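Structure data follow from structure-v9.tsv (TSV, C-alpha atoms and all ligand atoms):
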chain	number	residue	atom	x	y	z
I	966	MET	CA	106.56	118.89	83.40
I	967	LYS	CA	104.94	116.87	86.20
I	968	ALA	CA	103.32	113.43	86.19
I	969	THR	CA	102.08	110.93	88.78
I	970	ALA	CA	101.90	107.15	88.31
I	971	LYS	CA	100.83	104.19	90.39
I	972	ALA	CA	102.39	100.71	90.11
I	973	HIS	CA	101.83	97.47	92.00
I	974	THR	CA	104.42	94.96	93.14
I	975	ASN	CA	104.50	91.48	91.67
I	976	ILE	CA	105.31	88.02	92.97
I	977	ALA	CA	107.39	85.76	90.74
I	978	LEU	CA	106.01	82.25	90.20
I	979	ILE	CA	109.01	81.44	87.99
I	980	LYS	CA	111.87	83.36	89.55
I	981	TYR	CA	114.36	85.73	87.99
I	982	TRP	CA	117.58	84.56	89.58
I	983	GLY	CA	120.88	85.47	87.93
I	984	LYS	CA	122.23	88.22	85.69
I	985	ARG	CA	124.35	87.88	82.58
I	986	GLU	CA	125.10	91.63	82.56
I	987	GLU	CA	124.76	93.73	85.69
I	988	SER	CA	125.20	97.27	84.35
I	989	ILE	CA	121.94	97.28	82.35
I	990	ILE	CA	120.32	94.36	84.20
I	991	LEU	CA	120.12	91.48	81.75
I	992	PRO	CA	118.93	88.19	83.26
I	993	THR	CA	120.09	84.62	82.70
I	994	ASN	CA	116.51	83.29	82.45
I	995	ASN	CA	112.93	84.17	81.61
I	996	SER	CA	110.64	84.72	84.61
I	997	LEU	CA	106.89	84.96	85.19
I	998	SER	CA	104.90	86.82	87.83
I	999	LEU	CA	101.50	87.84	89.15
I	1000	THR	CA	100.95	91.55	89.84
I	1001	LEU	CA	99.47	92.13	93.32
I	1002	ASP	CA	96.65	94.48	94.13
I	1003	GLY	CA	97.52	94.79	97.84
I	1004	PHE	CA	100.98	96.39	97.53
I	1005	TYR	CA	101.76	99.48	95.46
I	1006	THR	CA	103.71	102.70	95.07
I	1007	THR	CA	102.53	106.12	93.92
I	1008	THR	CA	105.23	108.42	92.54
I	1009	SER	CA	105.19	112.00	91.26
I	1010	VAL	CA	108.05	113.36	89.18
I	1011	LYS	CA	108.48	117.04	88.43
I	1012	PHE	CA	111.25	118.23	86.07
I	1013	ASN	CA	112.23	121.89	86.31
I	1014	LYS	CA	115.03	123.63	84.43
I	1015	ASP	CA	115.75	125.74	87.52
I	1016	PHE	CA	116.63	122.70	89.69
I	1017	THR	CA	120.38	122.22	90.20
I	1018	GLU	CA	120.15	118.56	91.30
I	1019	ASP	CA	117.63	115.75	91.74
I	1020	GLU	CA	115.78	115.32	95.02
I	1021	PHE	CA	113.92	112.26	96.25
I	1022	PHE	CA	111.34	112.07	99.04
I	1023	LEU	CA	110.05	108.66	100.14
I	1024	ASP	CA	107.03	108.59	102.45
I	1025	GLY	CA	107.58	112.30	103.16
I	1026	LYS	CA	111.26	111.98	104.13
I	1027	LYS	CA	114.19	113.26	102.10
I	1028	VAL	CA	116.32	110.33	100.92
I	1029	THR	CA	120.14	110.35	100.59
I	1030	GLY	CA	122.82	107.69	100.06
I	1031	VAL	CA	122.41	104.56	97.94
I	1032	PRO	CA	118.59	104.71	97.47
I	1033	TYR	CA	118.98	108.33	96.26
I	1034	ASP	CA	121.82	107.34	93.92
I	1035	ARG	CA	119.69	104.55	92.41
I	1036	VAL	CA	116.84	106.99	91.72
I	1037	SER	CA	119.10	109.74	90.35
I	1038	GLY	CA	120.99	107.21	88.20
I	1039	PHE	CA	117.68	106.00	86.82
I	1040	LEU	CA	116.58	109.58	86.07
I	1041	ASP	CA	119.82	109.86	84.02
I	1042	LEU	CA	118.49	107.08	81.77
I	1043	ILE	CA	115.23	108.99	81.28
I	1044	ARG	CA	117.13	112.23	80.55
I	1045	ASP	CA	119.35	110.42	78.03
I	1046	LEU	CA	116.33	108.94	76.26
I	1047	ALA	CA	114.62	112.33	76.09
I	1048	GLY	CA	117.84	114.20	75.25
I	1049	LYS	CA	117.10	116.76	77.99
I	1050	LYS	CA	119.45	117.79	80.78
I	1051	VAL	CA	116.95	118.78	83.43
I	1052	TYR	CA	116.76	117.75	87.10
I	1053	ALA	CA	113.73	116.42	88.95
I	1054	SER	CA	111.96	116.36	92.27
I	1055	VAL	CA	110.55	112.90	93.02
I	1056	GLU	CA	107.91	112.25	95.68
I	1057	SER	CA	106.99	108.64	96.31
I	1058	VAL	CA	104.69	106.85	98.74
I	1059	ASN	CA	105.02	103.10	99.32
I	1060	GLU	CA	101.90	101.18	100.27
I	1061	VAL	CA	104.28	98.29	100.78
I	1062	PRO	CA	106.95	97.80	103.46
I	1063	THR	CA	110.27	99.22	102.12
I	1064	ALA	CA	113.29	96.88	101.75
I	1065	ALA	CA	111.59	94.09	103.70
I	1066	GLY	CA	111.27	91.45	101.00
I	1067	PHE	CA	107.93	92.70	99.66
I	1068	ALA	CA	109.32	94.00	96.36
I	1069	SER	CA	109.08	97.74	97.09
I	1070	SER	CA	111.83	98.07	94.48
I	1071	ALA	CA	109.50	96.55	91.85
I	1072	SER	CA	106.55	98.89	92.44
I	1073	GLY	CA	108.97	101.76	93.20
I	1074	PHE	CA	110.92	101.60	89.94
I	1075	ALA	CA	107.86	100.85	87.80
I	1076	ALA	CA	106.08	103.93	89.19
I	1077	LEU	CA	109.23	106.05	88.83
I	1078	ALA	CA	109.77	104.97	85.22
I	1079	ALA	CA	106.16	105.66	84.24
I	1080	ALA	CA	105.90	109.04	85.99
I	1081	GLY	CA	109.41	110.12	84.93
I	1082	ALA	CA	108.95	109.21	81.27
I	1083	LYS	CA	105.59	110.97	81.11
I	1084	ALA	CA	106.81	114.08	82.94
I	1085	ILE	CA	109.75	114.57	80.57
I	1086	GLY	CA	107.51	114.14	77.52
I	1087	LEU	CA	108.54	110.67	76.32
I	1088	GLU	CA	105.77	108.68	74.69
I	1089	LEU	CA	106.67	105.07	75.41
I	1090	ASN	CA	104.60	102.00	74.67
I	1091	ASP	CA	104.40	99.22	77.31
I	1092	GLN	CA	107.32	97.34	75.81
I	1093	GLU	CA	109.55	100.40	75.80
I	1094	LEU	CA	108.47	101.31	79.32
I	1095	SER	CA	109.19	97.77	80.54
I	1096	ARG	CA	112.66	97.87	78.94
I	1097	LEU	CA	113.41	101.18	80.66
I	1098	THR	CA	112.04	99.97	84.02
I	1099	ARG	CA	114.20	96.83	83.86
I	1100	GLN	CA	117.30	98.98	84.24
I	1101	GLY	CA	116.09	100.29	87.62
I	1102	SER	CA	115.33	96.86	89.09
I	1103	GLY	CA	114.92	93.70	87.03
I	1104	SER	CA	111.72	92.37	88.60
I	1105	ALA	CA	110.11	95.82	88.21
I	1106	CYS	CA	109.84	95.38	84.43
I	1107	ARG	CA	107.00	92.88	84.99
I	1108	SER	CA	104.96	95.40	87.05
I	1109	ILE	CA	104.06	97.40	83.93
I	1110	TYR	CA	101.28	94.87	83.34
I	1111	GLY	CA	98.35	93.69	85.44
I	1112	GLY	CA	97.66	89.99	86.00
I	1113	PHE	CA	100.33	87.54	84.79
I	1114	ALA	CA	103.42	88.80	82.95
I	1115	GLU	CA	106.54	87.17	81.55
I	1116	TRP	CA	109.95	88.83	81.36
I	1117	ARG	CA	111.68	87.54	78.25
I	1118	MET	CA	115.42	87.57	78.93
I	1119	GLY	CA	116.39	88.40	75.35
I	1120	PHE	CA	119.75	87.72	73.74
I	1121	MET	CA	121.02	91.07	72.48
I	1122	GLU	CA	123.96	92.68	74.26
I	1123	ASP	CA	122.29	96.09	74.29
I	1124	GLY	CA	119.20	94.74	76.09
I	1125	SER	CA	116.84	95.83	73.34
I	1126	ASP	CA	114.99	92.48	73.40
I	1127	SER	CA	114.84	92.11	77.20
I	1128	TYR	CA	111.44	93.24	78.51
I	1129	ALA	CA	108.19	91.87	79.92
I	1130	VAL	CA	105.06	90.94	77.97
I	1131	PRO	CA	101.52	90.28	79.24
I	1132	VAL	CA	100.51	86.62	79.67
I	1133	ALA	CA	96.95	86.90	81.06
I	1134	PRO	CA	95.02	89.98	82.23
I	1135	VAL	CA	93.86	90.61	85.77
I	1136	GLU	CA	90.30	89.40	84.98
I	1137	HIS	CA	91.54	86.02	83.72
I	1138	TRP	CA	91.85	84.34	87.13
I	1139	ASP	CA	91.25	85.41	90.72
I	1140	LEU	CA	94.34	83.70	92.14
I	1141	ARG	CA	95.03	84.99	95.65
I	1142	VAL	CA	98.27	85.52	97.56
I	1143	ALA	CA	98.73	85.71	101.35
I	1144	ALA	CA	101.96	87.46	102.34
I	1145	VAL	CA	103.15	86.01	105.65
I	1146	VAL	CA	105.31	88.51	107.54
I	1147	LEU	CA	107.94	86.95	109.78
I	1148	ASP	CA	110.30	88.47	112.27
I	1149	ALA	CA	113.73	88.35	110.63
I	1150	LYS	CA	116.60	88.92	113.05
I	1151	MET	CA	119.23	87.89	110.52
I	1152	LYS	CA	120.83	90.51	108.30
I	1153	LYS	CA	119.50	90.35	104.77
I	1154	VAL	CA	121.60	89.53	101.68
I	1155	SER	CA	120.12	91.77	98.96
I	1156	SER	CA	118.72	90.01	95.90
I	1157	ARG	CA	121.42	91.76	93.86
I	1158	ASP	CA	124.30	90.40	96.00
I	1159	GLY	CA	122.68	87.00	96.47
I	1160	MET	CA	122.19	86.53	92.75
I	1161	ARG	CA	125.75	87.59	91.96
I	1162	ARG	CA	127.26	85.22	94.50
I	1163	THR	CA	125.14	82.34	93.21
I	1164	VAL	CA	125.98	82.91	89.54
I	1165	GLU	CA	129.69	83.17	90.33
I	1166	SER	CA	130.09	80.23	92.67
I	1167	SER	CA	127.16	77.81	92.98
I	1168	PRO	CA	127.56	74.48	91.15
I	1169	PHE	CA	123.76	74.16	91.31
I	1170	PHE	CA	123.25	77.25	89.16
I	1171	ALA	CA	123.54	75.30	85.89
I	1172	GLY	CA	120.82	72.88	87.07
I	1173	TRP	CA	118.59	75.82	87.97
I	1174	LEU	CA	118.90	77.26	84.46
I	1175	ASP	CA	118.33	73.88	82.83
I	1176	SER	CA	114.95	73.52	84.55
I	1177	ILE	CA	113.46	76.89	83.55
I	1178	SER	CA	112.12	76.25	80.08
I	1179	VAL	CA	109.98	73.26	81.13
I	1180	ASP	CA	108.68	75.07	84.24
I	1181	LEU	CA	107.78	78.09	82.15
I	1182	ARG	CA	106.00	76.16	79.43
I	1183	GLU	CA	104.03	74.10	81.96
I	1184	ILE	CA	103.03	77.01	84.18
I	1185	LYS	CA	101.77	78.99	81.19
I	1186	SER	CA	99.53	76.10	80.17
I	1187	GLY	CA	98.35	75.83	83.82
I	1188	ILE	CA	97.54	79.55	83.94
I	1189	GLU	CA	95.64	79.34	80.68
I	1190	ALA	CA	93.56	76.41	82.02
I	1191	ARG	CA	93.23	78.01	85.50
I	1192	ASP	CA	94.61	74.76	86.90
I	1193	PHE	CA	95.46	75.71	90.49
I	1194	GLU	CA	97.20	72.48	91.41
I	1195	LYS	CA	99.42	72.56	88.35
I	1196	VAL	CA	100.37	76.23	88.77
I	1197	GLY	CA	100.91	75.86	92.53
I	1198	LYS	CA	103.10	72.76	92.21
I	1199	ILE	CA	105.35	74.33	89.58
I	1200	ALA	CA	105.65	77.65	91.44
I	1201	GLU	CA	106.54	75.92	94.71
I	1202	ALA	CA	109.11	73.63	93.11
I	1203	ASN	CA	110.63	76.53	91.14
I	1204	CYS	CA	111.06	78.55	94.34
I	1205	LEU	CA	112.73	75.59	96.08
I	1206	LYS	CA	115.16	75.18	93.19
I	1207	MET	CA	116.07	78.87	93.29
I	1208	HIS	CA	116.71	78.72	97.03
I	1209	ALA	CA	118.71	75.50	96.63
I	1210	THR	CA	121.27	77.38	94.51
I	1211	THR	CA	122.13	79.61	97.49
I	1212	LEU	CA	123.19	76.60	99.57
I	1213	GLY	CA	125.80	75.73	96.95
I	1214	ALA	CA	127.29	79.25	96.79
I	1215	LYS	CA	130.69	80.15	98.23
I	1216	PRO	CA	130.22	81.15	100.98
I	1217	PRO	CA	126.85	79.39	101.29
I	1218	PHE	CA	123.81	81.32	102.48
I	1219	THR	CA	120.07	81.01	102.86
I	1220	TYR	CA	117.22	83.51	103.11
I	1221	TRP	CA	115.20	81.16	105.30
I	1222	ILE	CA	114.79	81.42	109.06
I	1223	ASP	CA	113.21	78.86	111.38
I	1224	THR	CA	109.68	80.23	110.94
I	1225	THR	CA	110.07	80.17	107.14
I	1226	LEU	CA	110.27	76.37	107.43
I	1227	THR	CA	107.34	76.32	109.88
I	1228	VAL	CA	105.12	78.20	107.40
I	1229	MET	CA	106.21	75.90	104.55
I	1230	GLN	CA	105.24	72.92	106.71
I	1231	ARG	CA	101.87	74.48	107.57
I	1232	VAL	CA	101.13	74.91	103.86
I	1233	ARG	CA	101.88	71.20	103.29
I	1234	GLU	CA	99.58	70.29	106.21
I	1235	LEU	CA	96.79	72.42	104.74
I	1236	ARG	CA	97.12	70.42	101.52
I	1237	GLU	CA	97.09	67.12	103.40
I	1238	ASN	CA	93.82	68.29	104.98
I	1239	GLY	CA	92.27	68.96	101.58
I	1240	ILE	CA	92.79	72.74	101.43
I	1241	PRO	CA	94.77	73.56	98.29
I	1242	ALA	CA	97.64	75.99	99.00
I	1243	TYR	CA	101.21	76.38	97.72
I	1244	PHE	CA	104.08	78.61	98.82
I	1245	THR	CA	106.71	80.73	97.13
I	1246	ILE	CA	109.55	82.75	98.69
I	1247	ASP	CA	111.65	85.62	97.31
I	1248	ALA	CA	115.05	86.83	98.52
I	1249	GLY	CA	114.01	87.07	102.17
I	1250	PRO	CA	112.48	84.98	104.95
I	1251	ASN	CA	108.81	85.87	104.36
I	1252	VAL	CA	106.53	83.36	102.66
I	1253	LYS	CA	103.81	84.06	100.09
I	1254	VAL	CA	101.00	81.52	99.98
I	1255	LEU	CA	98.94	80.95	96.83
I	1256	TYR	CA	95.29	80.02	97.35
I	1257	LEU	CA	91.79	80.29	95.85
I	1258	PRO	CA	89.12	82.74	97.11
I	1259	GLU	CA	86.85	80.01	98.53
I	1260	ASN	CA	89.59	78.95	100.98
I	1261	GLU	CA	90.56	82.45	102.11
I	1262	LYS	CA	89.11	82.32	105.63
I	1263	GLN	CA	90.67	78.98	106.58
I	1264	ILE	CA	94.04	79.86	105.06
I	1265	HIS	CA	94.13	83.25	106.77
I	1266	GLU	CA	93.26	81.83	110.20
I	1267	SER	CA	95.64	78.92	109.91
I	1268	LEU	CA	98.61	81.11	108.91
I	1269	GLN	CA	97.88	83.73	111.59
I	1270	ARG	CA	97.99	81.09	114.32
I	1271	ILE	CA	101.62	80.11	113.60
I	1272	PRO	CA	103.95	81.34	116.40
I	1273	GLY	CA	106.37	83.96	115.01
I	1274	VAL	CA	103.96	85.21	112.33
I	1275	LEU	CA	103.66	88.99	112.75
I	1276	ASP	CA	101.05	89.65	110.07
I	1277	VAL	CA	99.26	88.01	107.15
I	1278	ARG	CA	98.35	90.36	104.30
I	1279	LEU	CA	95.93	89.14	101.66
I	1280	SER	CA	96.04	90.22	98.04
I	1281	LYS	CA	94.14	89.77	94.78
I	1282	PRO	CA	95.62	90.08	91.29
I	1283	GLY	CA	96.49	93.71	90.59
I	1284	HIS	CA	96.38	96.08	87.62
I	1285	GLY	CA	99.29	97.45	85.61
I	1286	ILE	CA	100.56	101.03	85.55
I	1287	SER	CA	98.00	103.82	85.90
I	1288	TYR	CA	98.41	107.58	85.73
I	1289	LEU	CA	96.77	109.87	88.28
R	1	LIG	P1	112.33	95.06	98.55
R	1	LIG	O1	112.07	93.65	98.98
R	1	LIG	O2	111.49	96.03	99.30
R	1	LIG	O3	112.24	95.24	97.05
R	1	LIG	P2	115.11	95.66	98.09
R	1	LIG	O4	116.25	95.80	99.07
R	1	LIG	O5	115.24	94.70	96.94
R	1	LIG	O6	113.83	95.33	98.97
R	1	LIG	O7	114.76	97.09	97.48
R	1	LIG	C1	114.57	98.19	98.33
R	1	LIG	C2	115.18	99.38	97.63
R	1	LIG	O8	114.35	99.76	96.54
R	1	LIG	C3	115.23	100.62	98.51
R	1	LIG	O9	116.38	100.64	99.33
R	1	LIG	C4	115.25	101.71	97.46
R	1	LIG	O10	116.56	101.83	96.91
R	1	LIG	C5	114.35	101.14	96.37
R	1	LIG	N1	112.99	101.66	96.52
R	1	LIG	C6	112.02	101.22	97.35
R	1	LIG	N2	110.90	101.93	97.22
R	1	LIG	C7	111.15	102.86	96.27
R	1	LIG	C8	110.39	103.90	95.68
R	1	LIG	N3	109.13	104.11	96.03
R	1	LIG	N4	110.97	104.67	94.73
R	1	LIG	C9	112.25	104.43	94.35
R	1	LIG	N5	113.04	103.49	94.87
R	1	LIG	C10	112.50	102.69	95.83
R	2	LIG	C1	114.01	86.62	94.18
R	2	LIG	O1	114.56	92.59	90.85
R	2	LIG	O2	115.18	92.88	93.29
R	2	LIG	O3	112.52	88.45	93.90
R	2	LIG	O4	117.42	93.40	89.31
R	2	LIG	O5	119.12	93.43	91.12
R	2	LIG	O6	117.12	94.92	91.28
R	2	LIG	P1	117.68	93.60	90.78
R	2	LIG	O7	116.97	92.43	91.58
R	2	LIG	P2	115.45	92.23	91.96
R	2	LIG	O8	115.43	90.63	92.17
R	2	LIG	C2	114.27	89.90	92.37
R	2	LIG	C3	114.61	88.49	92.70
R	2	LIG	C4	113.46	87.66	93.21
R	2	LIG	C5	112.78	86.89	92.07
R	2	LIG	C6	111.86	87.66	91.16
R	2	LIG	O9	111.21	88.64	91.56
R	2	LIG	O10	111.74	87.23	89.99
Write out the structure in this file as structure tokens.
Ligand code: ADP
Ligand code: DP6
Amino acid sequence: MKATAKAHTNIALIKYWGKREESIILPTNNSLSLTLDGFYTTTSVKFNKDFTEDEFFLDGKKVTGVPYDRVSGFLDLIRDLAGKKVYASVESVNEVPTAAGFASSASGFAALAAAGAKAIGLELNDQELSRLTRQGSGSACRSIYGGFAEWRMGFMEDGSDSYAVPVAPVEHWDLRVAAVVLDAKMKKVSSRDGMRRTVESSPFFAGWLDSISVDLREIKSGIEARDFEKVGKIAEANCLKMHATTLGAKPPFTYWIDTTLTVMQRVRELRENGIPAYFTIDAGPNVKVLYLPENEKQIHESLQRIPGVLDVRLSKPGHGISYL
């Protein structure tokens, strides 16, 4: 009863920001992402009837506390689905910085769901796997698929219609992403806490929700037509709207640091100089820059030269779940 799966992270171009039900992770809006080749997790799950509890090793180290509880709680969902009361040993390796705003939770829970379900003998289709993965970390449900994927929020209280669907496969469009790593001295507000605070207290949250359906419709037509300017403009504006909601929360907060703004400005300057590039930012200070392959060298050099930039990691579109 052992299986190993590999899953990539994804970057949201239309953000998931807000939950209507926290216990089983149901969002307040649809979101859309690109799976990234450069960042991934490989996880092995072994169930054994002789184990007396779950154990979790991440990058070779035994994990305890909240990250362990999240994994063990998620294994409970898999056990419930399979109707088997059997504990597991989980070994995971992140080829992505952990808890640093690079969505290790997305690749981590997608790989765990796939390996866990297979190891216990569940035969899930992509939709069922995405629905299960969602309950580990919302954004992870999009990492089941390669290329572009949309998480449909659904309307049912039991979450049965809340899962991701493929929008365009990895071969459709070689859209690139540069992840700009910045030195964050400020303590991070987790996406979970940040979302909750925004939903509960930000007067801008209603405006955020109102804007989603147009953004989503337009970006899908841009992706279909491989229209870089259209997709970039919508993604950048959508990210700015999401971050604007945090400034209206009580108490207000922001994920940005000074160098976040410097990178945003550099991206605008690149555009003014005729090099197409757009930015997007998740729940952290680091910036992801969207660009096309022919501009890779210039974009890379320009971003690396910014004072305060620790690293620039380049990525192509990535594949969905695979089993090793
Ligand atoms: P990130 O930006 O890396 O997603 P988060 O704070 O949102 O940061 O999520 C990090 C958390 O995700 C970790 O503390 C841990 O609970 C979980 N996580 C990360 N990697 C894995 C993994 N490989 N397997 C299971 N859980 C993981
Ligand atoms: C800003 O998926 O990390 O990256 O569902 O609470 O685990 P939980 O949150 P998470 O939130 C991701 C928020 C985001 C936008 C996105 O990826 O869509």
Given 7 Å and only C-alpha atoms and all ligand atoms, residues near ligand LIG 1 (chain R) as a PyMOL selection string: chain I and resi 1006+1008+1023+1031-1033+1035-1036+1057-1059+1062-1074+1077+1155-1156
Coordinates-based distance that separates atom CA of I:Glu1234 from atom CA of I:Lys1262 (Å, one decimal): 16.0 Å
Contacts with ligand LIG 2 (chain R) at most 6 Å, only C-alpha atoms and all ligand atoms counted, listed as a ChimeraX atom specification: /I:977,980-982,990,1102-1104,1156-1157,1247-1248
Who sits within 12 Å of I:Gln1230, all atoms listed in the file, same chain under 6 positions skipped, as a PyMOL selection string: chain I and resi 1223-1224+1236-1237+1242-1244+1252+1254+1267-1268+1271
Atoms to include: C-alpha atoms. Write the selected residues as a PDB file, in the frame of the given file.
ATOM      1  CA  ASP I1223     113.210  78.860 111.380  1.00  0.00           C
ATOM      2  CA  THR I1224     109.680  80.230 110.940  1.00  0.00           C
ATOM      3  CA  ARG I1236      97.120  70.420 101.520  1.00  0.00           C
ATOM      4  CA  GLU I1237      97.090  67.120 103.400  1.00  0.00           C
ATOM      5  CA  ALA I1242      97.640  75.990  99.000  1.00  0.00           C
ATOM      6  CA  TYR I1243     101.210  76.380  97.720  1.00  0.00           C
ATOM      7  CA  PHE I1244     104.080  78.610  98.820  1.00  0.00           C
ATOM      8  CA  VAL I1252     106.530  83.360 102.660  1.00  0.00           C
ATOM      9  CA  VAL I1254     101.000  81.520  99.980  1.00  0.00           C
ATOM     10  CA  SER I1267      95.640  78.920 109.910  1.00  0.00           C
ATOM     11  CA  LEU I1268      98.610  81.110 108.910  1.00  0.00           C
ATOM     12  CA  ILE I1271     101.620  80.110 113.600  1.00  0.00           C
TER      13      ILE I1271
END
Atom pair atom CA of I:Ala1080 / atom CA of I:Gln1092: separation (Å):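 Going from atom CA of I:Ala1080 over to atom CA of I:Gln1092 covers 15.6 Å.
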Residue neighbourhood I:Gly1159, 12 Å, all atoms listed in the file, exclusion window fewer than 3 positions, as a ChimeraX atom specification: /I:981-984,1153-1156,1162-1167,1207-1208,1210-1220,1247-1249
Between atom CA of I:Asp1034 and atom CA of I:Gly1119, distance in Å (one decimal):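 About the pair atom CA of I:Asp1034 and atom CA of I:Gly1119: they are 27.1 Å apart.
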